[in-house]
Structure formats: C-alpha cells, structure tokens
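Containing mmCIF, C-alpha atoms: model_14.cif.
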```cif
data_coords
loop_
_atom_site.label_atom_id
_atom_site.label_comp_id
_atom_site.auth_asym_id
_atom_site.auth_seq_id
_atom_site.Cartn_x
_atom_site.Cartn_y
_atom_site.Cartn_z
CA MET A 65 11.83 29.06 -18.05
CA ILE A 66 11.27 28.08 -21.66
CA PHE A 67 12.47 24.56 -22.45
CA LYS A 68 13.41 22.99 -25.74
CA ARG A 69 10.58 20.58 -26.49
CA LYS A 70 10.45 17.97 -29.24
CA ILE A 71 6.82 18.77 -29.92
CA TYR A 72 7.89 22.11 -31.40
CA GLU A 73 9.13 20.29 -34.49
CA ARG A 74 5.71 18.62 -34.77
CA LEU A 75 4.10 22.06 -34.73
CA LEU A 76 6.36 23.21 -37.55
CA GLN A 77 5.52 20.12 -39.58
CA TRP A 78 1.81 20.70 -39.05
CA LYS A 79 2.05 24.36 -40.15
CA LYS A 80 3.90 23.41 -43.32
CA LYS A 81 1.76 20.38 -44.19
CA SER A 82 -1.62 21.74 -43.20
CA ALA A 83 -1.42 25.15 -44.86
CA GLY A 84 -4.57 26.11 -42.97
CA LYS A 85 -6.60 23.05 -43.99
CA THR A 86 -6.66 21.40 -40.55
CA ALA A 87 -6.58 22.56 -36.96
CA LEU A 88 -4.10 21.03 -34.55
CA LEU A 89 -5.44 19.56 -31.30
CA ILE A 90 -2.81 19.17 -28.56
CA GLU A 91 -3.92 16.90 -25.74
CA GLY A 92 -2.01 16.63 -22.50
CA ALA A 93 -2.33 16.62 -18.74
CA ARG A 94 -2.61 19.91 -16.97
CA ARG A 95 0.73 21.67 -16.43
CA VAL A 96 2.73 19.74 -19.05
CA GLY A 97 3.43 23.00 -20.90
CA LYS A 98 0.83 23.02 -23.70
CA SER A 99 0.00 26.72 -23.43
CA THR A 100 3.65 27.72 -23.08
CA ILE A 101 4.88 25.88 -26.16
CA VAL A 102 1.94 27.08 -28.27
CA GLU A 103 2.50 30.71 -27.28
CA GLU A 104 6.21 30.39 -28.07
CA PHE A 105 5.32 28.87 -31.44
CA ALA A 106 2.80 31.63 -32.15
CA LYS A 107 5.30 34.39 -31.34
CA GLU A 108 8.03 32.92 -33.53
CA GLN A 109 6.01 31.68 -36.51
CA TYR A 110 3.16 34.18 -37.02
CA GLY A 111 2.71 37.88 -37.53
CA SER A 112 0.00 38.00 -34.86
CA TYR A 113 -1.79 35.59 -32.57
CA LEU A 114 -4.74 35.33 -30.21
CA ILE A 115 -4.93 32.90 -27.29
CA ILE A 116 -8.39 32.35 -25.82
CA ASP A 117 -8.26 30.41 -22.55
CA PHE A 118 -11.75 28.98 -22.17
CA SER A 119 -11.19 28.18 -18.49
CA THR A 120 -11.25 31.94 -17.87
CA ALA A 121 -12.74 33.42 -21.08
CA SER A 122 -15.41 36.06 -20.72
CA ASN A 123 -19.02 35.48 -21.72
CA ALA A 124 -18.51 38.14 -24.39
CA ILE A 125 -15.88 36.01 -26.14
CA LYS A 126 -18.01 32.86 -25.86
CA ASN A 127 -21.07 34.67 -27.18
CA ILE A 128 -19.14 35.88 -30.24
CA ILE A 129 -18.24 32.30 -31.14
CA ASP A 130 -21.72 31.07 -30.31
CA ASN A 131 -23.67 33.66 -32.26
CA TYR A 132 -21.65 34.66 -35.32
CA LEU A 133 -20.43 31.47 -36.95
CA ASP A 134 -22.75 32.17 -39.87
CA ASP A 135 -21.05 35.54 -40.45
CA LEU A 136 -17.30 35.15 -39.99
CA ASP A 137 -16.56 38.72 -41.09
CA VAL A 138 -18.46 39.99 -38.07
CA LEU A 139 -17.06 37.25 -35.81
CA TYR A 140 -13.47 38.23 -36.53
CA GLN A 141 -14.26 41.96 -36.31
CA LEU A 142 -15.77 41.48 -32.86
CA LEU A 143 -12.93 39.23 -31.65
CA SER A 144 -10.38 41.79 -32.82
CA ALA A 145 -12.25 44.63 -31.12
CA GLU A 146 -12.69 42.63 -27.90
CA THR A 147 -9.05 41.51 -27.65
CA GLY A 148 -7.13 44.25 -29.47
CA VAL A 149 -5.42 41.70 -31.75
CA ILE A 150 -5.05 42.65 -35.41
CA PHE A 151 -5.73 39.61 -37.60
CA LYS A 152 -3.57 39.06 -40.67
CA ARG A 153 -4.84 36.74 -43.36
CA ARG A 154 -2.76 33.52 -43.45
CA ASP A 155 -0.38 35.00 -40.85
CA THR A 156 -2.41 34.81 -37.65
CA LEU A 157 -2.71 31.89 -35.24
CA ILE A 158 -5.83 31.61 -33.09
CA VAL A 159 -5.47 29.30 -30.10
CA PHE A 160 -8.42 27.76 -28.28
CA ASP A 161 -6.78 26.92 -24.95
CA GLU A 162 -8.49 24.46 -22.57
CA VAL A 163 -11.09 23.89 -25.29
CA GLN A 164 -12.80 21.16 -23.26
CA CYS A 165 -14.22 23.94 -21.08
CA PHE A 166 -16.24 25.26 -24.04
CA PRO A 167 -17.06 22.35 -26.40
CA ARG A 168 -18.97 24.69 -28.71
CA ALA A 169 -15.63 26.24 -29.77
CA ARG A 170 -14.33 22.82 -30.71
CA GLU A 171 -17.37 22.20 -32.86
CA ALA A 172 -16.83 25.60 -34.52
CA ILE A 173 -13.41 24.49 -35.78
CA ARG A 174 -14.98 22.93 -38.89
CA THR A 175 -16.43 26.25 -40.03
CA LEU A 176 -13.39 28.30 -39.03
CA VAL A 177 -10.86 26.04 -40.72
CA ASN A 178 -12.87 25.70 -43.91
CA ASP A 179 -12.97 29.49 -44.12
CA GLY A 180 -9.18 29.36 -44.48
CA ARG A 181 -8.18 32.82 -43.30
CA TYR A 182 -6.23 31.86 -40.18
CA ASP A 183 -4.58 28.88 -38.51
CA PHE A 184 -6.07 27.24 -35.42
CA ILE A 185 -4.61 25.24 -32.55
CA GLU A 186 -6.68 23.72 -29.76
CA THR A 187 -5.27 22.53 -26.44
CA GLY A 188 -6.91 20.61 -23.66
CA SER A 189 -7.31 17.56 -21.50
CA LEU A 190 -10.39 15.41 -20.90
CA ILE A 191 -11.08 15.91 -24.61
CA SER A 192 -12.91 12.60 -25.04
CA LEU A 193 -14.94 12.65 -21.84
CA ARG A 194 -18.56 12.13 -22.78
CA GLU A 195 -19.81 15.28 -21.08
CA ASN A 196 -17.27 17.28 -23.14
CA VAL A 197 -18.42 15.87 -26.48
CA LYS A 198 -22.12 15.58 -25.73
CA ASN A 199 -24.32 17.29 -28.33
CA ILE A 200 -21.43 18.50 -30.48
CA LEU A 201 -20.15 17.28 -33.82
CA ILE A 202 -16.44 16.39 -33.56
CA PRO A 203 -14.71 18.15 -36.48
CA SER A 204 -12.88 15.93 -38.96
CA GLU A 205 -10.62 18.92 -39.62
CA GLU A 206 -8.72 18.18 -36.39
CA GLU A 207 -5.25 16.65 -36.34
CA ALA A 208 -4.53 15.41 -32.81
CA ILE A 209 -1.18 14.97 -31.10
CA MET A 210 -0.28 14.15 -27.50
CA MET A 211 1.99 16.20 -25.26
CA TYR A 212 3.69 14.68 -22.24
CA PRO A 213 5.98 15.95 -19.47
CA LEU A 214 9.60 16.59 -20.41
CA ASP A 215 11.13 13.24 -21.28
CA PHE A 216 14.59 12.23 -20.11
CA GLU A 217 16.28 13.71 -23.17
CA GLU A 218 14.48 17.03 -22.76
CA PHE A 219 15.35 17.06 -19.05
CA CYS A 220 19.03 16.49 -19.82
CA ILE A 221 19.02 19.28 -22.41
CA ALA A 222 17.41 21.60 -19.85
CA CYS A 223 20.24 20.67 -17.48
CA GLY A 224 22.84 21.52 -20.12
CA GLU A 225 23.77 17.91 -20.91
CA GLU A 226 23.29 17.92 -24.69
CA ALA A 227 26.70 16.35 -25.27
CA LEU A 228 25.96 13.43 -22.95
CA ILE A 229 22.61 12.77 -24.63
CA ALA A 230 24.28 12.81 -28.04
CA TYR A 231 26.79 10.24 -26.74
CA VAL A 232 23.99 8.06 -25.31
CA LYS A 233 22.20 8.10 -28.68
CA ASP A 234 25.39 7.23 -30.52
CA CYS A 235 26.10 4.29 -28.21
CA PHE A 236 22.52 3.05 -28.60
CA THR A 237 22.83 3.16 -32.39
CA LYS A 238 26.18 1.39 -32.33
CA LYS A 239 24.98 -1.09 -29.68
CA VAL A 240 27.89 -0.41 -27.34
CA ALA A 241 28.13 0.56 -23.69
CA LEU A 242 29.00 4.03 -22.44
CA SER A 243 32.36 4.49 -20.79
CA GLU A 244 32.17 3.65 -17.10
CA SER A 245 32.46 7.25 -15.93
CA LEU A 246 29.77 8.51 -18.29
CA HIS A 247 27.52 5.55 -17.45
CA HIS A 248 27.63 6.65 -13.81
CA LYS A 249 26.93 10.24 -14.84
CA ALA A 250 23.94 9.16 -16.96
CA MET A 251 22.59 7.03 -14.11
CA LEU A 252 22.90 10.00 -11.75
CA LEU A 253 20.90 12.11 -14.22
CA VAL A 254 18.23 9.38 -14.40
CA ARG A 255 17.91 9.42 -10.62
CA GLN A 256 17.70 13.21 -10.62
CA TYR A 257 15.00 12.95 -13.28
CA MET A 258 13.11 10.39 -11.17
CA ILE A 259 13.09 12.87 -8.29
CA VAL A 260 12.33 16.08 -10.19
CA GLY A 261 10.15 14.60 -12.91
CA GLY A 262 9.30 16.28 -16.18
CA MET A 263 6.60 18.77 -15.24
CA PRO A 264 7.91 22.16 -16.44
CA GLN A 265 7.07 23.92 -13.16
CA SER A 266 9.06 21.37 -11.20
CA VAL A 267 12.04 21.46 -13.58
CA SER A 268 12.04 25.27 -13.52
CA ALA A 269 11.99 25.35 -9.72
CA TYR A 270 14.81 22.81 -9.63
CA LEU A 271 17.08 24.67 -12.03
CA GLU A 272 16.28 28.20 -10.84
CA ASN A 273 17.08 27.35 -7.22
CA ASP A 274 20.52 25.77 -7.52
CA LYS A 275 19.09 22.33 -8.34
CA SER A 276 17.03 22.16 -5.18
CA PHE A 277 14.87 19.06 -4.91
CA LEU A 278 12.83 20.76 -2.17
CA TYR A 279 11.72 23.61 -4.44
CA ALA A 280 10.82 21.05 -7.10
CA ASP A 281 8.80 19.10 -4.54
CA GLU A 282 6.79 22.18 -3.62
CA GLN A 283 5.73 22.61 -7.24
CA LYS A 284 4.89 18.93 -7.64
CA ARG A 285 2.64 19.04 -4.59
CA LEU A 286 0.80 22.02 -6.05
CA ILE A 287 0.24 20.03 -9.25
CA LEU A 288 -0.98 16.98 -7.31
CA LYS A 289 -3.42 19.22 -5.44
CA LEU A 290 -4.59 20.67 -8.77
CA TYR A 291 -5.23 17.15 -10.07
CA LYS A 292 -7.26 16.24 -6.99
CA ASP A 293 -9.23 19.48 -7.31
CA ASP A 294 -9.96 18.58 -10.94
CA ILE A 295 -11.20 15.14 -9.89
CA HIS A 296 -13.55 16.77 -7.38
CA LYS A 297 -15.05 18.75 -10.28
CA ALA A 298 -15.74 15.58 -12.27
CA ASP A 299 -19.12 13.97 -12.72
CA ASN A 300 -20.59 12.80 -9.43
CA ARG A 301 -20.90 9.26 -10.80
CA TYR A 302 -17.19 8.62 -10.55
CA ILE A 303 -15.58 11.23 -8.29
CA SER A 304 -15.16 8.85 -5.36
CA LYS A 305 -13.83 5.99 -7.49
CA ALA A 306 -11.39 8.22 -9.40
CA LEU A 307 -10.11 9.63 -6.10
CA GLN A 308 -9.82 6.14 -4.68
CA VAL A 309 -7.70 4.95 -7.61
CA PHE A 310 -5.59 8.14 -7.66
CA ASP A 311 -4.88 8.08 -3.92
CA ASN A 312 -3.92 4.41 -4.01
CA ILE A 313 -1.56 4.44 -7.01
CA PRO A 314 1.60 4.34 -4.81
CA GLY A 315 0.11 1.45 -2.84
CA PHE A 316 -0.72 -0.53 -5.97
CA LEU A 317 2.72 0.03 -7.49
CA SER A 318 4.55 -0.89 -4.30
CA LYS A 319 3.13 -4.41 -4.46
CA LYS A 320 5.10 -7.15 -6.16
CA GLU A 321 2.66 -7.56 -9.07
CA LYS A 322 1.75 -3.84 -9.17
CA ARG A 323 -1.70 -4.64 -10.52
CA ILE A 324 -4.96 -3.17 -9.33
CA ILE A 325 -7.10 -5.97 -7.96
CA LEU A 326 -10.59 -4.67 -8.56
CA SER A 327 -12.16 -7.30 -6.32
CA GLY A 328 -10.41 -5.63 -3.41
CA MET A 329 -11.99 -2.26 -4.11
CA GLU A 330 -15.40 -1.85 -2.52
CA GLY A 331 -15.92 -5.60 -2.81
CA THR A 332 -16.63 -5.63 -6.55
CA PRO A 333 -14.80 -7.85 -9.03
CA LYS A 334 -16.15 -5.94 -11.99
CA TYR A 335 -14.11 -3.50 -14.03
CA ASP A 336 -17.38 -1.95 -15.18
CA ALA A 337 -17.88 -0.37 -11.78
CA TYR A 338 -14.65 1.58 -12.27
CA ALA A 339 -14.73 2.03 -16.04
CA ASP A 340 -15.71 5.71 -15.94
CA ALA A 341 -13.17 6.47 -13.21
CA PHE A 342 -10.36 4.83 -15.16
CA PHE A 343 -11.46 6.55 -18.35
CA TRP A 344 -11.46 9.94 -16.62
CA LEU A 345 -7.96 9.42 -15.22
CA GLN A 346 -6.60 8.16 -18.55
CA ASP A 347 -8.32 10.86 -20.59
CA SER A 348 -6.96 13.53 -18.27
CA MET A 349 -3.53 11.96 -18.94
CA ILE A 350 -2.84 11.99 -15.21
CA VAL A 351 -2.18 8.26 -15.41
CA ASN A 352 -0.83 5.74 -17.91
CA GLU A 353 -2.88 2.56 -17.94
CA CYS A 354 -1.32 -0.79 -18.76
CA PHE A 355 -3.69 -3.68 -19.51
CA ARG A 356 -3.01 -7.37 -19.34
CA CYS A 357 -2.81 -9.13 -22.69
CA ASN A 358 -4.21 -12.65 -22.51
CA ASP A 359 -2.83 -13.95 -25.79
CA PRO A 360 0.17 -12.23 -27.42
CA ASN A 361 -0.08 -14.70 -30.31
CA VAL A 362 -2.83 -12.72 -32.02
CA GLY A 363 -2.61 -9.05 -31.13
CA LEU A 364 -2.30 -7.02 -27.97
CA SER A 365 -5.32 -4.72 -28.25
CA LEU A 366 -7.54 -7.58 -29.44
CA ASN A 367 -6.82 -9.53 -26.28
CA GLU A 368 -6.54 -6.90 -23.59
CA ASP A 369 -8.12 -7.79 -20.27
CA HIS A 370 -9.73 -4.82 -18.53
CA THR A 371 -10.24 -6.74 -15.31
CA SER A 372 -6.50 -6.58 -14.63
CA VAL A 373 -4.76 -3.24 -15.00
CA LYS A 374 -1.63 -1.47 -13.87
CA CYS A 375 -2.04 2.24 -13.26
CA TYR A 376 1.15 4.30 -13.49
CA LEU A 377 1.31 8.00 -12.72
CA GLY A 378 1.98 10.07 -15.83
CA ASP A 379 5.08 11.65 -14.29
CA THR A 380 7.53 9.76 -12.09
CA GLY A 381 8.53 12.89 -10.18
CA LEU A 382 4.89 13.37 -9.23
CA LEU A 383 4.78 9.72 -8.12
CA LEU A 384 7.68 10.31 -5.75
CA SER A 385 5.94 13.28 -4.11
CA HIS A 386 2.65 11.36 -4.10
CA THR A 387 4.31 8.41 -2.34
CA PHE A 388 6.26 10.17 0.41
CA ASN A 389 5.02 12.84 2.77
CA LYS A 390 6.56 16.28 2.90
CA LYS A 391 8.50 15.58 6.12
CA GLU A 392 10.15 12.47 4.66
CA ILE A 393 11.31 14.51 1.70
CA SER A 394 12.32 17.70 3.54
CA GLU A 395 14.73 15.79 5.77
CA GLY A 396 16.78 14.97 2.67
CA GLU A 397 17.58 11.36 3.53
CA LEU A 398 15.24 10.07 0.82
CA TYR A 399 17.12 11.95 -1.88
CA LYS A 400 20.43 10.57 -0.68
CA LYS A 401 19.09 7.02 -0.87
CA ILE A 402 17.78 7.51 -4.40
CA LEU A 403 20.92 9.21 -5.70
CA ASN A 404 23.18 6.61 -4.08
CA ASP A 405 21.09 3.61 -5.21
CA ARG A 406 20.06 2.66 -1.69
CA LEU A 407 16.26 2.98 -1.93
CA SER A 408 15.62 -0.72 -1.53
CA ILE A 409 11.90 -0.77 -0.70
CA ASN A 410 10.30 1.35 -3.42
CA GLN A 411 12.98 1.55 -6.09
CA GLY A 412 11.31 -1.02 -8.37
CA MET A 413 8.06 0.92 -8.61
CA PHE A 414 9.84 4.13 -9.62
CA PHE A 415 11.95 2.36 -12.24
CA GLU A 416 8.90 0.68 -13.71
CA ASN A 417 6.83 3.87 -13.65
CA LEU A 418 9.68 5.69 -15.40
CA VAL A 419 9.85 3.06 -18.15
CA ALA A 420 6.06 3.24 -18.59
CA GLN A 421 6.38 7.02 -18.90
CA MET A 422 9.16 6.69 -21.48
CA LEU A 423 7.20 4.19 -23.58
CA ARG A 424 3.96 6.15 -23.42
CA SER A 425 5.66 9.38 -24.50
CA GLN A 426 6.95 7.46 -27.53
CA GLY A 427 3.34 6.72 -28.46
CA TYR A 428 3.13 3.09 -27.34
CA ASP A 429 0.01 1.59 -25.80
CA LEU A 430 1.01 -0.34 -22.69
CA TYR A 431 0.38 -4.05 -22.09
CA PHE A 432 1.73 -6.63 -19.69
CA TYR A 433 1.47 -10.41 -19.52
CA THR A 434 1.06 -12.91 -16.70
CA HIS A 435 0.58 -16.66 -16.67
CA TYR A 436 -1.04 -18.39 -13.70
CA ASN A 437 0.30 -21.81 -12.79
CA PRO A 438 -2.47 -23.81 -11.05
CA GLU A 439 0.02 -26.33 -9.69
CA LYS A 440 2.13 -23.65 -8.04
CA HIS A 441 -0.96 -21.55 -7.14
CA ARG A 442 0.77 -18.41 -8.36
CA ASN A 443 1.90 -16.59 -11.48
CA ASP A 444 5.01 -18.24 -12.88
CA ILE A 445 5.47 -15.77 -15.76
CA GLU A 446 5.26 -12.01 -15.32
CA ILE A 447 6.32 -9.69 -18.16
CA ASP A 448 6.32 -5.97 -17.40
CA PHE A 449 5.67 -4.61 -20.89
CA LEU A 450 4.81 -5.91 -24.34
CA LEU A 451 5.08 -3.67 -27.39
CA SER A 452 3.43 -4.54 -30.69
CA ASN A 453 4.90 -3.98 -34.14
CA GLY A 454 1.35 -3.24 -35.31
CA SER A 455 1.39 -5.77 -38.14
CA LYS A 456 -1.69 -7.89 -38.76
CA THR A 457 0.09 -10.29 -41.11
CA ASN A 458 3.41 -10.73 -39.32
CA PHE A 459 2.61 -9.88 -35.71
CA LYS A 460 5.65 -9.57 -33.44
CA VAL A 461 6.16 -8.31 -29.91
CA GLU A 462 8.99 -6.60 -28.14
CA VAL A 463 9.29 -8.02 -24.63
CA ILE A 464 10.49 -5.74 -21.82
CA GLU A 465 11.46 -6.64 -18.28
CA VAL A 466 12.41 -3.86 -15.84
CA LYS A 467 15.00 -4.58 -13.15
CA SER A 468 15.87 -1.93 -10.58
CA SER A 469 18.66 -3.87 -8.85
CA LYS A 470 21.95 -5.07 -10.27
CA ASN A 471 21.32 -8.68 -9.25
CA TYR A 472 18.33 -10.43 -10.79
CA SER A 473 17.14 -13.44 -12.75
CA THR A 474 15.39 -13.61 -16.13
CA THR A 475 13.22 -16.66 -15.40
CA SER A 476 9.94 -15.10 -16.57
CA LEU A 477 11.47 -13.68 -19.73
CA ASP A 478 13.08 -17.01 -20.62
CA ALA A 479 9.81 -18.88 -20.05
CA PHE A 480 7.82 -16.38 -22.12
CA LYS A 481 10.25 -16.61 -25.02
CA LYS A 482 10.19 -20.39 -24.91
CA HIS A 483 6.40 -20.41 -25.10
CA PHE A 484 5.97 -17.58 -27.68
CA HIS A 485 9.31 -17.72 -29.48
CA LYS A 486 7.75 -17.38 -32.95
CA ARG A 487 6.19 -14.05 -31.97
CA VAL A 488 9.13 -12.42 -30.17
CA ALA A 489 11.06 -9.84 -32.18
CA ASN A 490 13.40 -8.56 -29.47
CA SER A 491 13.64 -9.00 -25.73
CA TYR A 492 14.95 -6.23 -23.53
CA ILE A 493 16.01 -6.10 -19.92
CA ILE A 494 16.04 -2.49 -18.75
CA HIS A 495 18.35 -2.24 -15.76
CA PRO A 496 20.82 0.06 -13.94
CA LYS A 497 23.88 -1.53 -15.53
CA GLY A 498 25.52 -0.81 -18.88
CA PHE A 499 24.48 -1.87 -22.39
CA SER A 500 25.21 -5.41 -23.51
CA ILE A 501 23.82 -8.15 -25.71
CA VAL A 502 24.04 -11.66 -24.30
CA GLU A 503 22.78 -14.46 -26.53
CA ASP A 504 19.40 -13.14 -27.70
CA LYS A 505 18.70 -10.65 -24.90
CA ILE A 506 19.42 -6.93 -25.06
CA TYR A 507 20.45 -5.45 -21.70
CA LEU A 508 19.54 -1.78 -21.86
CA PRO A 509 20.51 0.85 -19.26
CA ILE A 510 17.44 2.73 -18.15
CA TYR A 511 18.76 6.03 -19.54
CA MET A 512 18.39 4.50 -23.04
CA GLY A 513 14.74 3.63 -22.48
CA PHE A 514 13.51 6.77 -24.25
CA LEU A 515 15.17 5.52 -27.46
CA LEU A 516 13.07 2.35 -27.83
#
```
Would you encode the structure as structure tokens?
Amino acid sequence: MIFKRKIYERLLQWKKKSAGKTALLIEGARRVGKSTIVEEFAKEQYGSYLIIDFSTASNAIKNIIDNYLDDLDVLYQLLSAETGVIFKRRDTLIVFDEVQCFPRAREAIRTLVNDGRYDFIETGSLISLRENVKNILIPSEEEAIMMYPLDFEEFCIACGEEALIAYVKDCFTKKVALSESLHHKAMLLVRQYMIVGGMPQSVSAYLENDKSFLYADEQKRLILKLYKDDIHKADNRYISKALQVFDNIPGFLSKKEKRIILSGMEGTPKYDAYADAFFWLQDSMIVNECFRCNDPNVGLSLNEDHTSVKCYLGDTGLLLSHTFNKKEISEGELYKKILNDRLSINQGMFFENLVAQMLRSQGYDLYFYTHYNPEKHRNDIEIDFLLSNGSKTNFKVEVIEVKSSKNYSTTSLDAFKKHFHKRVANSYIIHPKGFSIVEDKIYLPIYMGFLL
C-alpha cells in the first residue's frame, strides 16, 4: 500500500527551492518507507529516474561511480547503458538508496550536484557512524531531513479518518474538547495505533487483512529480527552492548523511573563504556534517546547528562511486539486489555513511548528532569519531557508530564514550576481524558500530542 506521507511535501519544497543545487539526504530507520516515498516522488515529478540500492548494487555500478567521476559524460553513458534508464537533463532523478553501504557514492555527490544535469536524493540509516564516514569528505551540497514511521495523523488518514483528524486539529487550535463520542473514537484510534505502530509494513498488513492485529504483529516481528540482524553486523566493539540495550528496552521502560542505570550493566557506572552502542542505536534511528537535563535554567543541550538516559523504541507498535511474546499476543487477550483501557501493568510505558515518538517526529530533541531529595532518599521531582524554545536570550521550556491513567496527581509538575517558574512557558499534562485548561496547566488528550 502507498500511504499519504507528510514528507512528500518536504520533497516538493526541496525540488522547487534547490533547482539542482543541493542533494537531499533522507535519514530514517530501516523499513520506515524511505525507498517507497522516493520512488513515488520520482515517478510523479520527473520524466525519468534511476534508483541504485547500494545494499544490493553490482560491482559494475560501483566501479562506474568510483572510476569516472572525472569524466561525467562517460559516467552517465555507462550508467544509462548498465540500467537501461534514459537520462533527461534537468528532468531525471537519481537516487542513491542505502548510501551508507557505499560511502564513496556519498562523497561523489559534490561533483555530481555541481555538474547540475540531474537531481539527486540519498537515503540511508547509520549515516553518521564513523566507519561510514571514514576517509570520505562529507559534501556540503547535502540537505538532510529525517523520516520517521507513520505518525498518528498519517495512521488515521490511512484508516480513512481524515474528517476526525481535521476535527482534532480544529479543537486543538480553538483550545476546546472534542465531543464525548468523538473523544472515545479518537482514544480508540490511539490504542489501535499503539498496537499496530507506524511501520508501513505493519500498517499495510493491518489494513489489508480486515484490521488484523495478528498480521500486523507478524510484520513487526520481522522488522525486529531485521534490526537485531543489523546489530550483529555492527562493529565488534559494540555489538554485545548494543544488543544488551536493545533487548532490555522493555525492561527499562517498565520500571517506574524508566531510566537506564548504567551502573547495573556489566558493573560499570560509566556512560563511556556504552557510548558507541548508544550512538549506533540512535544513529540507526531504532531508538529515541532522552537525556537528563541537570539545569533547565540555562539550556537543555548545554546541561544534558549522558550518565542518565531513557531509551525509547522508535515505534511504539514495535515496542509492544518487543515486550510481549507471540503466544501472549496470539491469544488476543492483550489486545482486548489495551483497547478497553485495562492494561494496568505496562500501559504507562506505552503511553510515554508514544509521546516520545510524537515529539521526536516533530523534530524535538528529548530531555527529562529529576531532582534527588537527600532527606527523602529518593527523587521528589520527575518530569517526563522538557522542550526548549531554542532561544539563547529568552530561554523557556515547555514542561510535559505523561499520565496513562485517569486518576493522578501533578505533584512533580507543581514543584518544578515553583522552582523554575521564570523559565516555564507552558506546562502540559498528556492524558487519556479530554482537553481542558485548569489554572496554568494544559490538559491534553494523547491524540493531540502530535500537534505540539
């Protein structure tokens, strides 16, 4: 199935703005739909196109790029002869798919773009990994954008719920609650999205098989296996640590504080021992990292603490299949509990992972805050997410607490605001209930999270 993706508009903007002067680099986890959307774009917007997948490209193709950059007339003649594609000046798109598998092609972008005959798009993951940039000059002619799994809005559109999404957006703009019946419908869609996730293969299997969660689960398990296989192909220095973190993500998120305690992993308190593993997982976009901010008075990135990190899975549907075994899911009881709001044990971790996914797909870096009280011998303030306004002269934060149940307190949020009131722009509580504003707190239903 071909889904309507927001990134398509970004591609159109790039084509119009660039006019062949820059290449577009699309980064994203494996199976988020990079190749599909680029091929659709190429078919609709160009007279001809060539997609070279460097994970499977022949040595002949690689040798052409390697050996003929100093004579582009010959390079394009050979590529055309090898692939059968007729190139049309200023009306052909050449796509370097999975470009991290052949870094030399990425380096060649400078020469190819400056030549100006054709447009170029690169796609890949693990783009920044040091072994994939070693000994090459990163082209300044690249314009990079990130691609994520289908977000909640895209999922709803795929399910034929455009009208509901339009209503949700209108209510968010007007700062009013949905009608009770449509609130329940939107919450049901959120729970379906939590189960299916946003990986195109999973969504396709779900919709093509009468909205079967089991068919979606089969596809998600194939993707999880692909991710583990990719980790096994990583540098030997961090395979074991990356696997250890990946395998334990559900365990970390099921804890109250949801943080990874590095001192409990192989007996080392040092983040440095896991730095490469975390970098690999983040660069592959399999996970979304969330670092603790020590001092939100100054700036989030300036005060991030790498010794304390939350590690969310990049897709909440994948997290569900990663958390529960196939038998638990195939019996169907798990789905009933999620859809009927009766998943008491793990519900919080899925809500929080979903909010992290929503924020990350909006381009936010993720930070959280905790304050340790030595008298109580525990953290007395825990804030799930802090978002920065990016200003260096008038720094403000948006404070977000995620609540999966309908009954909760806001003790941490109130304490944080009291302590940092001059720096707080807005404070949000994302929860399963309707929209409301009480005093200075905005209570946001989780289906509006993608609009922050």
Discussion item. To test your reading of the syntax: which residues would the PyMOL selection byres ((chain A and resi 126) around 12) return for the file shown? Reply as JSON, numbers by chain.
Written reply: {"A": [116, 117, 118, 119, 120, 121, 122, 123, 124, 125, 127, 128, 129, 130, 131, 132, 133, 139, 142, 143, 146, 160, 163, 165, 166, 167, 168, 169, 170, 172]}
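CA of Leu114 in chain A is positioned 8.0 Å from CA of Thr147 in chain A.
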Fill in: Phe388 in chain A environment, 12 Å, all atoms listed in the file, sequence neighbours closer than 2 positions dropped, as a PyMOL selection string
chain A and resi 259+281+284-285+314-315+381-386+390-399+410
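Restricting the calculation to all atoms listed in the file, the smallest distance between Ser192 in chain A and any of A:Tyr257, A:Phe343, A:Tyr511, A:Tyr433 is found for A:Phe343.
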Discussion item. To test your reading of the syntax: which residues would the PyMOL selection byres ((chain A and resi 178-191) around 7) return for the file shown? Reply as a ChimeraX atom specification.
Written reply: /A:84-85,87-94,98,153-164,174-177,192-193,196,347-348
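Residues in contact range of range 480-489 of chain A, defined as at most 10 Å between only C-alpha atoms, with sequence neighbours fewer than 5 positions away removed, read Asp359, Pro360, Asn361, Val362, Tyr433, Thr434, His435, Asp444, Ile445, Glu446, Ile447, Leu450, Leu451, Ser452, Asn453, Asn458, Phe459, Lys460, Val461, Glu462, Val463 and Thr475 of chain A.
Each of A:Trp344, A:Asn417, A:Leu253, A:Asn273 was checked against Glu195 in chain A using only C-alpha atoms; the smallest atom-to-atom distance is that of A:Trp344.
Compared by their closest atoms to Met211 in chain A, and using only C-alpha atoms, the residues A:Lys456, A:Arg69, A:Lys497, A:Arg356 rank with A:Arg69 nearest.
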